[in-house]
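Text of the file query.cif, holding mmCIF, C-alpha atoms:
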```
data_work
loop_
_atom_site.group_PDB
_atom_site.id
_atom_site.type_symbol
_atom_site.label_atom_id
_atom_site.label_comp_id
_atom_site.auth_asym_id
_atom_site.auth_seq_id
_atom_site.Cartn_x
_atom_site.Cartn_y
_atom_site.Cartn_z
ATOM 1 C CA MET S 1 19.788 7.825 7.773
ATOM 2 C CA LYS S 2 20.103 10.905 9.984
ATOM 3 C CA ASP S 3 21.655 12.967 7.195
ATOM 4 C CA CYS S 4 19.162 12.042 4.454
ATOM 5 C CA GLY S 5 16.229 11.825 6.838
ATOM 6 C CA GLU S 6 16.611 15.398 8.056
ATOM 7 C CA LYS S 7 17.482 16.844 4.646
ATOM 8 C CA ASN S 8 14.663 15.101 2.771
ATOM 9 C CA ALA S 9 12.072 15.101 5.588
ATOM 10 C CA TRP S 10 11.648 11.329 5.635
ATOM 11 C CA THR S 11 8.437 9.922 7.031
ATOM 12 C CA THR S 12 8.485 7.386 9.853
ATOM 13 C CA ALA S 13 7.759 4.681 7.270
ATOM 14 C CA THR S 14 10.887 5.565 5.271
ATOM 15 C CA PHE S 15 13.056 5.441 8.399
ATOM 16 C CA GLU S 16 11.584 2.016 9.194
ATOM 17 C CA LYS S 17 12.296 0.710 5.672
ATOM 18 C CA MET S 18 15.899 1.894 5.752
ATOM 19 C CA ASN S 19 16.435 0.535 9.271
ATOM 20 C CA ALA S 20 15.057 -2.836 8.147
ATOM 21 C CA MET S 21 17.570 -2.744 5.276
ATOM 22 C CA LYS S 22 20.376 -2.172 7.795
ATOM 23 C CA VAL S 23 19.178 -5.104 9.931
ATOM 24 C CA ASP S 24 19.023 -7.351 6.843
ATOM 25 C CA LEU S 25 22.615 -6.497 5.875
ATOM 26 C CA MET S 26 23.971 -7.084 9.386
ATOM 27 C CA THR S 27 22.013 -10.328 9.839
ATOM 28 C CA PHE S 28 23.407 -11.539 6.515
ATOM 29 C CA LYS S 29 26.999 -10.667 7.588
ATOM 30 C CA HIS S 30 27.512 -8.896 10.903
ATOM 31 C CA ASP S 31 30.883 -7.315 10.063
ATOM 32 C CA ILE S 32 30.057 -6.483 6.436
ATOM 33 C CA THR S 33 32.115 -3.717 4.786
ATOM 34 C CA PHE S 34 31.788 -1.730 1.577
ATOM 35 C CA ASP S 35 34.633 -3.753 0.056
ATOM 36 C CA ASP S 36 32.659 -6.956 0.655
ATOM 37 C CA LEU S 37 29.874 -5.836 -1.659
ATOM 38 C CA ASP S 38 31.197 -7.301 -4.895
ATOM 39 C CA GLU S 39 28.925 -9.106 -7.351
ATOM 40 C CA ASP S 40 29.346 -12.525 -5.658
ATOM 41 C CA THR S 41 28.441 -11.166 -2.213
ATOM 42 C CA LEU S 42 25.483 -9.207 -3.594
ATOM 43 C CA THR S 43 24.275 -12.415 -5.254
ATOM 44 C CA ASP S 44 24.650 -14.248 -1.913
ATOM 45 C CA PHE S 45 22.653 -11.461 -0.256
ATOM 46 C CA VAL S 46 19.801 -11.944 -2.752
ATOM 47 C CA VAL S 47 19.870 -15.708 -2.071
ATOM 48 C CA TYR S 48 19.798 -15.010 1.694
ATOM 49 C CA MET S 49 16.720 -12.758 1.351
ATOM 50 C CA ARG S 50 15.004 -15.306 -0.906
ATOM 51 C CA ASP S 51 15.769 -18.518 1.009
ATOM 52 C CA LYS S 52 16.858 -17.727 4.580
ATOM 53 C CA LYS S 53 15.443 -14.429 5.838
ATOM 54 C CA VAL S 54 12.927 -15.084 8.619
ATOM 55 C CA LEU S 55 9.733 -13.062 8.154
ATOM 56 C CA ARG S 56 8.588 -10.850 11.016
ATOM 57 C CA THR S 57 4.959 -11.507 10.059
ATOM 58 C CA PRO S 58 4.143 -14.978 8.645
ATOM 59 C CA ARG S 59 2.014 -15.032 5.504
ATOM 60 C CA LYS S 60 -0.508 -17.351 7.158
ATOM 61 C CA ARG S 61 -1.942 -17.511 10.644
ATOM 62 C CA LYS S 62 -0.425 -20.198 12.869
ATOM 63 C CA GLU S 63 -3.587 -22.326 12.779
ATOM 64 C CA GLU S 64 -3.569 -22.253 8.948
ATOM 65 C CA ARG S 65 0.081 -23.319 8.675
ATOM 66 C CA ASP S 66 1.542 -26.815 8.513
ATOM 67 C CA ASP S 67 4.544 -27.549 10.754
ATOM 68 C CA ASP S 68 6.814 -27.935 7.726
ATOM 69 C CA ASP S 69 5.318 -25.032 5.787
ATOM 70 C CA ILE S 70 8.415 -22.797 5.982
ATOM 71 C CA ASP S 71 7.464 -20.996 2.763
ATOM 72 C CA ASP S 72 5.128 -18.850 4.852
ATOM 73 C CA THR S 73 7.719 -17.935 7.485
ATOM 74 C CA VAL S 74 10.996 -17.755 5.562
ATOM 75 C CA GLY S 75 12.107 -15.947 2.407
ATOM 76 C CA LEU S 76 10.972 -12.858 0.528
ATOM 77 C CA LYS S 77 9.212 -12.765 -2.823
ATOM 78 C CA ASN S 78 10.972 -11.308 -5.853
ATOM 79 C CA SER S 79 8.949 -8.092 -5.798
ATOM 80 C CA THR S 80 10.028 -7.341 -2.204
ATOM 81 C CA ILE S 81 13.666 -8.259 -2.911
ATOM 82 C CA GLY S 82 13.610 -5.777 -5.827
ATOM 83 C CA LYS S 83 12.449 -3.007 -3.482
ATOM 84 C CA LYS S 84 15.113 -3.885 -0.915
ATOM 85 C CA LEU S 85 17.849 -3.726 -3.563
ATOM 86 C CA GLY S 86 16.527 -0.288 -4.505
ATOM 87 C CA TYR S 87 17.003 0.892 -0.904
ATOM 88 C CA LEU S 88 20.522 -0.620 -0.875
ATOM 89 C CA ARG S 89 21.475 1.214 -4.102
ATOM 90 C CA TRP S 90 20.098 4.425 -2.597
ATOM 91 C CA PHE S 91 22.360 4.007 0.451
ATOM 92 C CA LEU S 92 25.417 3.008 -1.616
ATOM 93 C CA ASN S 93 24.957 5.987 -3.954
ATOM 94 C CA TRP S 94 24.949 8.275 -0.916
ATOM 95 C CA ALA S 95 28.019 6.554 0.560
ATOM 96 C CA THR S 96 29.879 6.781 -2.760
ATOM 97 C CA LYS S 97 29.146 10.507 -3.146
ATOM 98 C CA ARG S 98 30.361 11.104 0.421
ATOM 99 C CA GLY S 99 33.602 9.216 -0.217
ATOM 100 C CA TYR S 100 32.874 6.314 2.155
ATOM 101 C CA ASN S 101 32.594 3.754 -0.649
ATOM 102 C CA SER S 102 34.781 3.151 -3.696
ATOM 103 C CA ASN S 103 33.351 -0.257 -4.642
ATOM 104 C CA LYS S 104 31.167 0.323 -7.724
ATOM 105 C CA ALA S 105 30.097 -3.304 -8.233
ATOM 106 C CA TYR S 106 26.535 -2.448 -7.161
ATOM 107 C CA THR S 107 26.048 -0.085 -10.122
ATOM 108 C CA SER S 108 26.109 -2.971 -12.616
ATOM 109 C CA PHE S 109 24.446 -5.560 -10.349
ATOM 110 C CA LYS S 110 21.054 -6.306 -11.910
ATOM 111 C CA PRO S 111 19.858 -9.798 -10.970
ATOM 112 C CA THR S 112 16.945 -11.364 -12.809
ATOM 113 C CA LEU S 113 13.901 -11.103 -10.532
ATOM 114 C CA LYS S 114 10.955 -12.403 -12.475
ATOM 115 C CA ASN S 115 7.700 -10.636 -11.597
ATOM 116 C CA SER S 116 4.133 -10.546 -12.808
ATOM 117 C CA GLN S 117 2.230 -7.271 -13.051
ATOM 118 C CA LYS S 118 0.693 -6.452 -9.699
ATOM 119 C CA LYS S 119 -3.043 -7.098 -9.555
ATOM 120 C CA VAL S 120 -5.052 -3.907 -9.029
ATOM 121 C CA ILE S 121 -7.778 -4.740 -6.500
ATOM 122 C CA TYR S 122 -10.759 -2.386 -6.632
ATOM 123 C CA LEU S 123 -14.491 -2.617 -5.899
ATOM 124 C CA THR S 124 -17.236 -2.274 -8.478
ATOM 125 C CA LYS S 125 -20.217 0.025 -7.920
ATOM 126 C CA GLU S 126 -22.338 -3.025 -7.086
ATOM 127 C CA GLU S 127 -19.835 -4.186 -4.449
ATOM 128 C CA ILE S 128 -19.712 -0.717 -2.897
ATOM 129 C CA GLN S 129 -23.508 -0.768 -2.720
ATOM 130 C CA ARG S 130 -23.394 -4.125 -0.935
ATOM 131 C CA ILE S 131 -21.107 -2.612 1.700
ATOM 132 C CA ARG S 132 -23.431 0.386 2.059
ATOM 133 C CA ASP S 133 -26.501 -1.859 2.440
ATOM 134 C CA LEU S 134 -24.890 -4.180 5.005
ATOM 135 C CA ASP S 135 -26.769 -4.343 8.313
ATOM 136 C CA LEU S 136 -24.247 -3.514 11.053
ATOM 137 C CA SER S 137 -26.549 -3.664 14.049
ATOM 138 C CA GLY S 138 -25.806 -5.562 17.239
ATOM 139 C CA ASN S 139 -22.258 -6.907 17.609
ATOM 140 C CA LEU S 140 -21.312 -5.553 14.177
ATOM 141 C CA ILE S 141 -21.796 -1.910 15.201
ATOM 142 C CA ARG S 142 -18.001 -1.700 15.736
ATOM 143 C CA LEU S 143 -17.585 -1.962 11.946
ATOM 144 C CA GLU S 144 -19.699 1.110 11.206
ATOM 145 C CA PRO S 145 -16.914 3.725 11.510
ATOM 146 C CA ILE S 146 -14.604 1.390 9.532
ATOM 147 C CA ARG S 147 -17.202 1.335 6.750
ATOM 148 C CA ASP S 148 -17.554 5.127 6.840
ATOM 149 C CA ILE S 149 -13.797 5.744 6.593
ATOM 150 C CA PHE S 150 -13.434 3.213 3.767
ATOM 151 C CA LEU S 151 -16.354 4.714 1.829
ATOM 152 C CA PHE S 152 -14.798 8.152 2.314
ATOM 153 C CA CYS S 153 -11.629 6.811 0.629
ATOM 154 C CA CYS S 154 -13.724 5.250 -2.168
ATOM 155 C CA PHE S 155 -15.511 8.539 -2.875
ATOM 156 C CA SER S 156 -12.656 11.010 -2.326
ATOM 157 C CA GLY S 157 -9.582 9.174 -3.612
ATOM 158 C CA LEU S 158 -7.602 9.954 -0.454
ATOM 159 C CA ARG S 159 -5.151 7.505 1.079
ATOM 160 C CA HIS S 160 -6.030 6.199 4.528
ATOM 161 C CA SER S 161 -3.148 8.231 6.032
ATOM 162 C CA ASP S 162 -4.627 11.458 4.633
ATOM 163 C CA VAL S 163 -8.170 10.633 5.785
ATOM 164 C CA SER S 164 -6.730 10.020 9.271
ATOM 165 C CA ASN S 165 -5.044 13.431 9.099
ATOM 166 C CA LEU S 166 -8.094 15.332 7.796
ATOM 167 C CA ARG S 167 -8.983 18.156 10.196
ATOM 168 C CA ARG S 168 -12.127 20.211 10.496
ATOM 169 C CA SER S 169 -10.097 23.294 9.574
ATOM 170 C CA ASP S 170 -9.445 21.670 6.165
ATOM 171 C CA LEU S 171 -13.183 21.634 5.404
ATOM 172 C CA LEU S 172 -14.757 24.448 3.413
ATOM 173 C CA ASP S 173 -18.291 24.914 2.075
ATOM 174 C CA ASP S 174 -18.125 22.718 -1.030
ATOM 175 C CA HIS S 175 -14.638 21.200 -0.882
ATOM 176 C CA PHE S 176 -11.712 20.455 1.386
ATOM 177 C CA GLU S 177 -8.033 21.300 1.041
ATOM 178 C CA ILE S 178 -5.353 18.994 2.369
ATOM 179 C CA THR S 179 -1.593 18.589 2.118
ATOM 180 C CA ILE S 180 -0.822 15.022 1.083
ATOM 181 C CA ILE S 181 1.407 13.273 3.639
ATOM 182 C CA LYS S 182 3.311 11.151 1.104
ATOM 183 C CA THR S 183 4.223 13.901 -1.389
ATOM 184 C CA ALA S 184 3.556 17.168 0.539
ATOM 185 C CA ASP S 185 1.429 18.337 -2.432
ATOM 186 C CA LYS S 186 -1.616 20.440 -1.620
ATOM 187 C CA VAL S 187 -4.838 19.213 -3.236
ATOM 188 C CA SER S 188 -8.359 20.572 -3.331
ATOM 189 C CA ILE S 189 -11.152 17.993 -3.569
ATOM 190 C CA GLU S 190 -14.791 18.846 -4.105
ATOM 191 C CA LEU S 191 -17.339 17.248 -1.788
ATOM 192 C CA ASN S 192 -19.944 14.896 -3.229
ATOM 193 C CA ASN S 193 -23.087 13.476 -1.657
ATOM 194 C CA MET S 194 -21.267 10.549 -0.035
ATOM 195 C CA THR S 195 -18.282 12.406 1.429
ATOM 196 C CA ARG S 196 -20.538 15.241 2.629
ATOM 197 C CA SER S 197 -22.948 12.852 4.387
ATOM 198 C CA ILE S 198 -20.077 11.023 6.144
ATOM 199 C CA LEU S 199 -18.570 14.300 7.377
ATOM 200 C CA ASP S 200 -22.005 15.486 8.547
ATOM 201 C CA LYS S 201 -22.475 12.235 10.489
ATOM 202 C CA TYR S 202 -19.437 13.004 12.673
ATOM 203 C CA LYS S 203 -19.587 16.809 12.767
ATOM 204 C CA ASP S 204 -20.774 16.972 16.393
ATOM 205 C CA ILE S 205 -18.294 14.400 17.732
ATOM 206 C CA GLN S 206 -14.989 15.700 19.094
ATOM 207 C CA PHE S 207 -11.913 13.761 18.020
ATOM 208 C CA LYS S 208 -8.369 14.244 19.251
ATOM 209 C CA GLY S 209 -6.438 16.859 17.254
ATOM 210 C CA ASP S 210 -9.698 18.286 15.843
ATOM 211 C CA LYS S 211 -9.822 15.410 13.333
ATOM 212 C CA ALA S 212 -12.885 15.271 11.109
ATOM 213 C CA LEU S 213 -13.319 11.473 11.237
ATOM 214 C CA PRO S 214 -12.530 8.568 13.597
ATOM 215 C CA CYS S 215 -8.917 7.323 13.459
ATOM 216 C CA TYR S 216 -7.688 3.731 13.261
ATOM 217 C CA THR S 217 -4.245 2.335 12.529
ATOM 218 C CA ASN S 218 -3.677 0.956 9.055
ATOM 219 C CA GLN S 219 -3.331 -2.575 10.494
ATOM 220 C CA ALA S 220 -6.624 -2.355 12.404
ATOM 221 C CA MET S 221 -8.388 -0.949 9.332
ATOM 222 C CA ASN S 222 -7.069 -3.732 7.096
ATOM 223 C CA ARG S 223 -8.132 -6.432 9.538
ATOM 224 C CA GLU S 224 -11.655 -5.071 10.028
ATOM 225 C CA LEU S 225 -12.102 -4.231 6.323
ATOM 226 C CA LYS S 226 -11.598 -7.861 5.376
ATOM 227 C CA GLU S 227 -14.319 -8.835 7.854
ATOM 228 C CA LEU S 228 -16.625 -6.115 6.479
ATOM 229 C CA CYS S 229 -16.135 -7.214 2.866
ATOM 230 C CA ARG S 230 -16.554 -10.890 3.762
ATOM 231 C CA LEU S 231 -19.886 -10.128 5.417
ATOM 232 C CA ALA S 232 -20.921 -8.126 2.332
ATOM 233 C CA GLY S 233 -20.326 -11.194 0.160
ATOM 234 C CA ILE S 234 -17.476 -9.733 -1.868
ATOM 235 C CA ASN S 235 -16.173 -13.168 -2.774
ATOM 236 C CA GLU S 236 -15.341 -12.975 -6.471
ATOM 237 C CA LYS S 237 -12.344 -15.216 -7.230
ATOM 238 C CA VAL S 238 -9.062 -13.329 -7.726
ATOM 239 C CA HIS S 239 -6.056 -15.008 -9.339
ATOM 240 C CA ILE S 240 -2.704 -13.793 -8.016
ATOM 241 C CA THR S 241 0.689 -14.822 -9.416
ATOM 242 C CA THR S 242 3.934 -14.212 -7.508
ATOM 243 C CA TYR S 243 7.513 -15.418 -7.912
ATOM 244 C CA LYS S 244 10.075 -16.527 -5.352
ATOM 245 C CA GLY S 245 13.308 -16.980 -7.248
ATOM 246 C CA SER S 246 12.323 -18.934 -10.367
ATOM 247 C CA VAL S 247 9.389 -20.639 -8.638
ATOM 248 C CA ARG S 248 5.985 -19.375 -9.739
ATOM 249 C CA ASN S 249 3.213 -19.375 -7.161
ATOM 250 C CA ASP S 250 -0.400 -19.165 -8.356
ATOM 251 C CA VAL S 251 -2.991 -18.519 -5.680
ATOM 252 C CA GLU S 252 -6.743 -18.101 -5.991
ATOM 253 C CA LYS S 253 -8.319 -15.978 -3.276
ATOM 254 C CA GLU S 254 -11.709 -14.471 -2.640
ATOM 255 C CA LYS S 255 -11.663 -10.726 -3.217
ATOM 256 C CA TRP S 256 -12.429 -9.824 0.421
ATOM 257 C CA GLN S 257 -9.112 -11.446 1.399
ATOM 258 C CA CYS S 258 -7.242 -8.969 -0.848
ATOM 259 C CA VAL S 259 -8.988 -5.776 0.280
ATOM 260 C CA GLY S 260 -6.975 -3.189 2.234
ATOM 261 C CA THR S 261 -7.199 0.531 2.935
ATOM 262 C CA HIS S 262 -5.556 1.380 -0.414
ATOM 263 C CA THR S 263 -8.378 -0.453 -2.198
ATOM 264 C CA GLY S 264 -10.536 2.617 -1.528
ATOM 265 C CA ARG S 265 -8.198 4.908 -3.477
ATOM 266 C CA ARG S 266 -7.957 2.430 -6.351
ATOM 267 C CA THR S 267 -11.743 2.084 -6.368
ATOM 268 C CA PHE S 268 -12.148 5.851 -6.649
ATOM 269 C CA ILE S 269 -9.738 6.078 -9.593
ATOM 270 C CA VAL S 270 -11.293 3.194 -11.567
ATOM 271 C CA ASN S 271 -14.879 4.353 -11.016
ATOM 272 C CA ALA S 272 -14.047 8.012 -11.761
ATOM 273 C CA LEU S 273 -12.400 7.044 -15.049
ATOM 274 C CA SER S 274 -15.331 4.721 -15.830
ATOM 275 C CA LEU S 275 -17.664 7.713 -15.505
ATOM 276 C CA GLY S 276 -15.691 9.401 -18.286
ATOM 277 C CA ILE S 277 -13.893 11.904 -16.050
ATOM 278 C CA PRO S 278 -10.643 12.827 -17.862
ATOM 279 C CA PRO S 279 -7.440 11.353 -16.346
ATOM 280 C CA ASN S 280 -5.931 14.832 -15.806
ATOM 281 C CA VAL S 281 -8.918 15.785 -13.613
ATOM 282 C CA VAL S 282 -8.678 12.542 -11.609
ATOM 283 C CA MET S 283 -4.925 13.178 -11.161
ATOM 284 C CA LYS S 284 -5.714 16.638 -9.767
ATOM 285 C CA TRP S 285 -7.800 15.006 -7.040
ATOM 286 C CA THR S 286 -5.469 12.096 -6.298
ATOM 287 C CA GLY S 287 -2.249 14.132 -6.412
ATOM 288 C CA HIS S 288 -0.637 11.919 -9.081
ATOM 289 C CA SER S 289 1.937 13.949 -11.010
ATOM 290 C CA ASP S 290 3.049 11.135 -13.332
ATOM 291 C CA TYR S 291 0.650 10.004 -16.064
ATOM 292 C CA LYS S 292 2.422 6.627 -16.057
ATOM 293 C CA ALA S 293 0.858 5.874 -12.655
ATOM 294 C CA MET S 294 -2.605 6.115 -14.252
ATOM 295 C CA LYS S 295 -1.912 3.652 -17.091
ATOM 296 C CA PRO S 296 -2.867 0.466 -15.168
ATOM 297 C CA TYR S 297 -6.208 2.051 -14.217
ATOM 298 C CA ILE S 298 -6.900 3.205 -17.769
ATOM 299 C CA ALA S 299 -6.229 -0.353 -18.971
ATOM 300 C CA ILE S 300 -8.801 -1.651 -16.453
ATOM 301 C CA VAL S 301 -11.396 0.869 -17.629
ATOM 302 C CA ASP S 302 -10.743 -0.084 -21.269
ATOM 303 C CA LYS S 303 -11.372 -3.727 -20.307
ATOM 304 C CA ILE S 304 -14.602 -2.763 -18.475
ATOM 305 C CA GLN S 305 -15.841 -0.899 -21.551
ATOM 306 C CA SER S 306 -14.882 -3.810 -23.816
ATOM 307 C CA ASP S 307 -16.795 -6.258 -21.598
ATOM 308 C CA SER S 308 -19.817 -3.935 -21.635
ATOM 309 C CA MET S 309 -19.796 -3.892 -25.434
#
```
Could you take the file, read its structure, and then write that structure out as structure tokens?
Amino acid sequence: MKDCGEKNAWTTATFEKMNAMKVDLMTFKHDITFDDLDEDTLTDFVVYMRDKKVLRTPRKRKEERDDDDIDDTVGLKNSTIGKKLGYLRWFLNWATKRGYNSNKAYTSFKPTLKNSQKKVIYLTKEEIQRIRDLDLSGNLIRLEPIRDIFLFCCFSGLRHSDVSNLRRSDLLDDHFEITIIKTADKVSIELNNMTRSILDKYKDIQFKGDKALPCYTNQAMNRELKELCRLAGINEKVHITTYKGSVRNDVEKEKWQCVGTHTGRRTFIVNALSLGIPPNVVMKWTGHSDYKAMKPYIAIVDKIQSDSM
């Protein structure tokens, strides 16, 4: 972790993911060695993550959970197990290149982890308008900066981490320039009426680090955003399918329950494409370098246009 972290300038999040991988391995078998990692042990490790790993954060609140409802406190879903195995392969590739590992069983270990395509949650123009029109007077005044930051994401395409890092020195007359935290790419994004008005609203308020907008943690934003969207009546039914082993789990939620900070970025992409803005222009704003990442959004826009017809 120290070697790769320093060489590749890992973010705190990457260190946390790799450390969690280490904890998972040592909880599974405290004295595990490279030689242990044959196909049978790797299969046992997948079964451990699926059936026995205790979740740090339960899927439901305590008051919503039955006493025997261990599905919400134990075991990872297939999609998360797939990511974890990716981190493990990354580590084992490094160890093999450095001469620490000679067991190549992991290179051919490809368990079947059934998955459905991840649902892209975004807000329509009408839903955005409902959030804009929401009366946040009285006790709800605390949600006003949350709304402003979220709308800034919806109208700029920035991730929450980049909005939190936006400084006044990044702002120019008709655009702003920022270096994306995730990829270190520098992007230039033109201001529009919404982003300009939000920046103007906070221009005379001093924030720590000369930030341009108020800052909240991702967790706090996600919690308050759900409340904001619930109050705005964003309650369209959303069908979500996940798999845990071979067991399919179909859940129907109201859309406000699925909204998070990244919903703003997805909303920007879908609505920009719906306006007929070419994908290569949208990618310039969002910092996407791979056209493949835009395909799910293009499919959504095609469906929107089909429904309109």
Selected residue of minimal separation from Leu199 (chain S) among S:Ile149, S:Val270, S:Ala232, S:Leu85, counting only C-alpha atoms: S:Ile149
Chain and number of each residue from the PyMOL selection byres ((chain S and resi 159) around 8), as a ChimeraX atom specification: /S:153,157-158,160-163,261-262,264-265
Residue nearest Gln257 (chain S) - candidates S:Pro279, S:Gly245, S:Gly233, S:Gly5, atoms counted: only C-alpha atoms: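 The shortest atom-to-atom distance to Gln257 (chain S) comes from S:Gly233.
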Would you give the centre and edge lengths, in Å to one decimal, of a box along x, y and z around the listed atoms of region 221-240 of chain S, with 5 Å added to each side, as JSON?
```
{"center_x": -11.8, "center_y": -8.1, "center_z": 0.3, "size_x": 28.2, "size_y": 24.3, "size_z": 29.4}
```
Distance query Asp135 (chain S) at most 10 Å, all atoms listed in the file, self and fewer than 5 positions along chain excluded, as a ChimeraX atom specification: /S:130,140-141,144,231-232
Point (-2.5, -11.5, -7.1) neighbourhood (8 Å, all atoms listed in the file) written as a list of chain:residue names: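 Nearby residues: S:Lys118, S:Lys119, S:Val238, S:His239, S:Ile240, S:Thr241, S:Thr242, S:Val251, S:Glu252.
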Carefully work through the PyMOL selection byres ((chain S and resi 225) around 12) for this structure and note down the residues it includes, as an mmCIF file with C-alpha atoms, in the coordinates of the input.
```cif
data_model
loop_
_atom_site.group_PDB
_atom_site.id
_atom_site.type_symbol
_atom_site.label_atom_id
_atom_site.label_comp_id
_atom_site.auth_asym_id
_atom_site.auth_seq_id
_atom_site.Cartn_x
_atom_site.Cartn_y
_atom_site.Cartn_z
ATOM 1 C CA ILE S 131 -21.107 -2.612 1.700
ATOM 2 C CA ARG S 142 -18.001 -1.700 15.736
ATOM 3 C CA LEU S 143 -17.585 -1.962 11.946
ATOM 4 C CA GLU S 144 -19.699 1.110 11.206
ATOM 5 C CA PRO S 145 -16.914 3.725 11.510
ATOM 6 C CA ILE S 146 -14.604 1.390 9.532
ATOM 7 C CA ARG S 147 -17.202 1.335 6.750
ATOM 8 C CA ASP S 148 -17.554 5.127 6.840
ATOM 9 C CA ILE S 149 -13.797 5.744 6.593
ATOM 10 C CA PHE S 150 -13.434 3.213 3.767
ATOM 11 C CA LEU S 151 -16.354 4.714 1.829
ATOM 12 C CA TYR S 216 -7.688 3.731 13.261
ATOM 13 C CA THR S 217 -4.245 2.335 12.529
ATOM 14 C CA ASN S 218 -3.677 0.956 9.055
ATOM 15 C CA GLN S 219 -3.331 -2.575 10.494
ATOM 16 C CA ALA S 220 -6.624 -2.355 12.404
ATOM 17 C CA MET S 221 -8.388 -0.949 9.332
ATOM 18 C CA ASN S 222 -7.069 -3.732 7.096
ATOM 19 C CA ARG S 223 -8.132 -6.432 9.538
ATOM 20 C CA GLU S 224 -11.655 -5.071 10.028
ATOM 21 C CA LYS S 226 -11.598 -7.861 5.376
ATOM 22 C CA GLU S 227 -14.319 -8.835 7.854
ATOM 23 C CA LEU S 228 -16.625 -6.115 6.479
ATOM 24 C CA CYS S 229 -16.135 -7.214 2.866
ATOM 25 C CA ARG S 230 -16.554 -10.890 3.762
ATOM 26 C CA LEU S 231 -19.886 -10.128 5.417
ATOM 27 C CA ALA S 232 -20.921 -8.126 2.332
ATOM 28 C CA ILE S 234 -17.476 -9.733 -1.868
ATOM 29 C CA LYS S 255 -11.663 -10.726 -3.217
ATOM 30 C CA TRP S 256 -12.429 -9.824 0.421
ATOM 31 C CA GLN S 257 -9.112 -11.446 1.399
ATOM 32 C CA CYS S 258 -7.242 -8.969 -0.848
ATOM 33 C CA VAL S 259 -8.988 -5.776 0.280
ATOM 34 C CA GLY S 260 -6.975 -3.189 2.234
ATOM 35 C CA THR S 261 -7.199 0.531 2.935
ATOM 36 C CA HIS S 262 -5.556 1.380 -0.414
ATOM 37 C CA THR S 263 -8.378 -0.453 -2.198
ATOM 38 C CA GLY S 264 -10.536 2.617 -1.528
#
```
